[in-house]
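Peer 1: This is the structure I have questions about; it appears just below.
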Amino acid sequence: MDIKLELVTVPVTDVDRAKAFYEQVGFRADHDVTVSEEIRFVQLTPPGSACSIALGRGLTRMAPGSLDNMQVVVGDIEEAYADLKGRGVAVSEIEDLPWGSFVRFSDPDGNRWAVQQTTPRTAASAR
């Protein structure tokens, strides 16, 4: 039996501000549906991902900004760093660890994301 992660809800205070931020990061807006005054569902998908995130009203009881260390994976951390910087996203410098290379950013509510290249950069390319 396969079990595939499909959707992760990201708790935010301002749906429009969060949607604009994730589009700035490069996520594709798949759905934006207002079901009622209490419920609005926005689904965004990172490029190449089979899993999406959901933002909205009436979707979760989590406190805005309470997600810590959501992680996405890329093939080239330097390319990802340059892309995020070029999009105007406040992103950390590249951090090299034995299990991968990382950059980090937070959305406007403080939900924290890690972008990982699973194969650490070589010492020569890290200079």
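Residue numbers start at 1 in each chain; chains themselves are named A, B, ... in the order of the structure tokens; ligands are numbered from 1 in the order shown.
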Mind checking DSSP for region 6-90 of chain A and telling me the strand (DSSP E) residues as JSON, numbers by chain?

Peer 2: {"A": [7, 8, 9, 28, 29, 30, 31, 32, 33, 34, 40, 41, 42, 43, 44, 45, 52, 53, 54, 55, 56, 57, 70, 71, 72, 73, 74]}

Peer 1: Excluding region 28-35 of chain A and its own-chain neighbours fewer than 2 positions away, which residues fall within 10 Å of it when counting only C-alpha atoms? Please give them as a list in words.

Peer 2: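 My list of contacting residues is Lys19, Ala20, Tyr22, Glu23, Gln24, Val25, Gly26, Glu37, Glu38, Ile39, Arg40, Phe41, Val42, Gln43, Leu44, Thr45, Pro46, Pro47, Ser52, Ile53, Ala54, Leu55, Gly56, Arg57 and Gly58 of chain A.
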
Peer 1: Kindly indicate which residue among A:Asp14, A:Glu93, A:Glu6, A:Asp76 lies nearest to Cys51 (chain A), using only C-alpha atoms for the distances.

Peer 2: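 Looking at the shortest contact to Cys51 (chain A), the residue is A:Glu6.
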
Peer 1: Please list as a CSV table (one decimal) with N, CA, C and O atoms, in the first residue's frame every residue within 10 Å of Thr119 (chain A), counting only C-alpha atoms and excluding residues in the same chain fewer than 3 positions away.

Peer 2:
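Written out: selection_19.csv:
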```csv
chain,number,residue,atom,x,y,z
A,74,VAL,N,15.9,20.4,-3.0
A,74,VAL,CA,16.3,20.9,-4.4
A,74,VAL,C,17.6,20.1,-4.8
A,74,VAL,O,18.3,19.6,-4.0
A,75,GLY,N,17.8,20.2,-6.1
A,75,GLY,CA,19.0,19.5,-6.6
A,75,GLY,C,20.3,20.4,-6.5
A,75,GLY,O,21.4,19.8,-6.4
A,76,ASP,N,20.1,21.7,-6.4
A,76,ASP,CA,21.2,22.6,-6.4
A,76,ASP,C,20.9,23.7,-5.4
A,76,ASP,O,20.1,24.6,-5.7
A,77,ILE,N,21.6,23.7,-4.3
A,77,ILE,CA,21.3,24.7,-3.2
A,77,ILE,C,21.7,26.1,-3.7
A,77,ILE,O,21.1,27.1,-3.3
A,96,ASP,N,26.3,24.5,5.3
A,96,ASP,CA,26.7,23.1,4.9
A,96,ASP,C,26.8,22.2,6.2
A,96,ASP,O,27.5,22.6,7.1
A,97,LEU,N,26.1,21.1,6.2
A,97,LEU,CA,26.1,20.2,7.2
A,97,LEU,C,26.5,18.8,6.7
A,97,LEU,O,26.3,18.6,5.4
A,98,PRO,N,26.8,17.8,7.5
A,98,PRO,CA,27.2,16.5,7.0
A,98,PRO,C,26.1,15.8,6.2
A,98,PRO,O,26.4,15.0,5.3
A,99,TRP,N,24.9,16.1,6.4
A,99,TRP,CA,23.7,15.5,5.8
A,99,TRP,C,23.1,16.3,4.7
A,99,TRP,O,22.1,15.9,4.1
A,100,GLY,N,23.7,17.5,4.4
A,100,GLY,CA,23.1,18.3,3.3
A,100,GLY,C,23.5,19.7,3.5
A,100,GLY,O,24.0,20.2,4.5
A,101,SER,N,23.1,20.5,2.5
A,101,SER,CA,23.3,22.0,2.5
A,101,SER,C,21.9,22.6,2.5
A,101,SER,O,21.0,22.2,1.8
A,116,GLN,N,16.7,22.2,1.3
A,116,GLN,CA,17.8,21.3,1.5
A,116,GLN,C,18.3,20.7,0.1
A,116,GLN,O,17.5,20.2,-0.7
A,122,THR,N,30.6,20.1,-2.1
A,122,THR,CA,32.0,19.7,-1.8
A,122,THR,C,32.7,20.9,-1.1
A,122,THR,O,32.3,22.0,-1.3
```

Peer 1: Among the residues of chain A, find those DSSP assigns to helix (DSSP H, G or I) from the backbone and print them as a PyMOL selection string.

Peer 2: chain A and resi 15-25+77-86

Peer 1: Please determine, counting only C-alpha atoms, which residue among A:Lys4, A:Lys85, A:Arg17, A:Arg61 has the shortest atom-to-atom distance to Asp107 (chain A).

Peer 2: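 Among the listed residues, the smallest separation from Asp107 (chain A) belongs to A:Arg17.
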
Peer 1: Counting only C-alpha atoms, which residues in region 48-78 of chain A sit no more than 10 Å from region 102-105 of chain A? For each one, give the nearest pair of atoms and the distance in Å, sorted by chain then residue number, as a tab-separated table.

Peer 2:
```
residue	atom	partner	partner_atom	distance
A:Asn69	CA	A:Arg104	CA	8.5
A:Met70	CA	A:Arg104	CA	9.7
A:Gln71	CA	A:Arg104	CA	9.1
A:Val72	CA	A:Phe102	CA	9.9
A:Val73	CA	A:Phe102	CA	9.2
A:Val74	CA	A:Phe102	CA	9.6
A:Ile77	CA	A:Phe102	CA	6.9
A:Glu78	CA	A:Val103	CA	9.1
```

Peer 1: Emit the selected residues as a PDB file, in the first residue's frame, including C-alpha atoms.

Peer 2:
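File selection-v1.pdb, as written:
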```pdb
ATOM      1  CA  ASN A  69      11.187  23.670   9.785  1.00  0.00           C
ATOM      2  CA  MET A  70       8.926  22.666   6.926  1.00  0.00           C
ATOM      3  CA  GLN A  71      11.366  21.224   4.430  1.00  0.00           C
ATOM      4  CA  VAL A  72      11.625  21.114   0.675  1.00  0.00           C
ATOM      5  CA  VAL A  73      14.416  19.506  -1.338  1.00  0.00           C
ATOM      6  CA  VAL A  74      16.297  20.873  -4.353  1.00  0.00           C
ATOM      7  CA  ILE A  77      21.285  24.729  -3.238  1.00  0.00           C
ATOM      8  CA  GLU A  78      23.273  27.533  -4.858  1.00  0.00           C
TER       9      GLU A  78
END
```
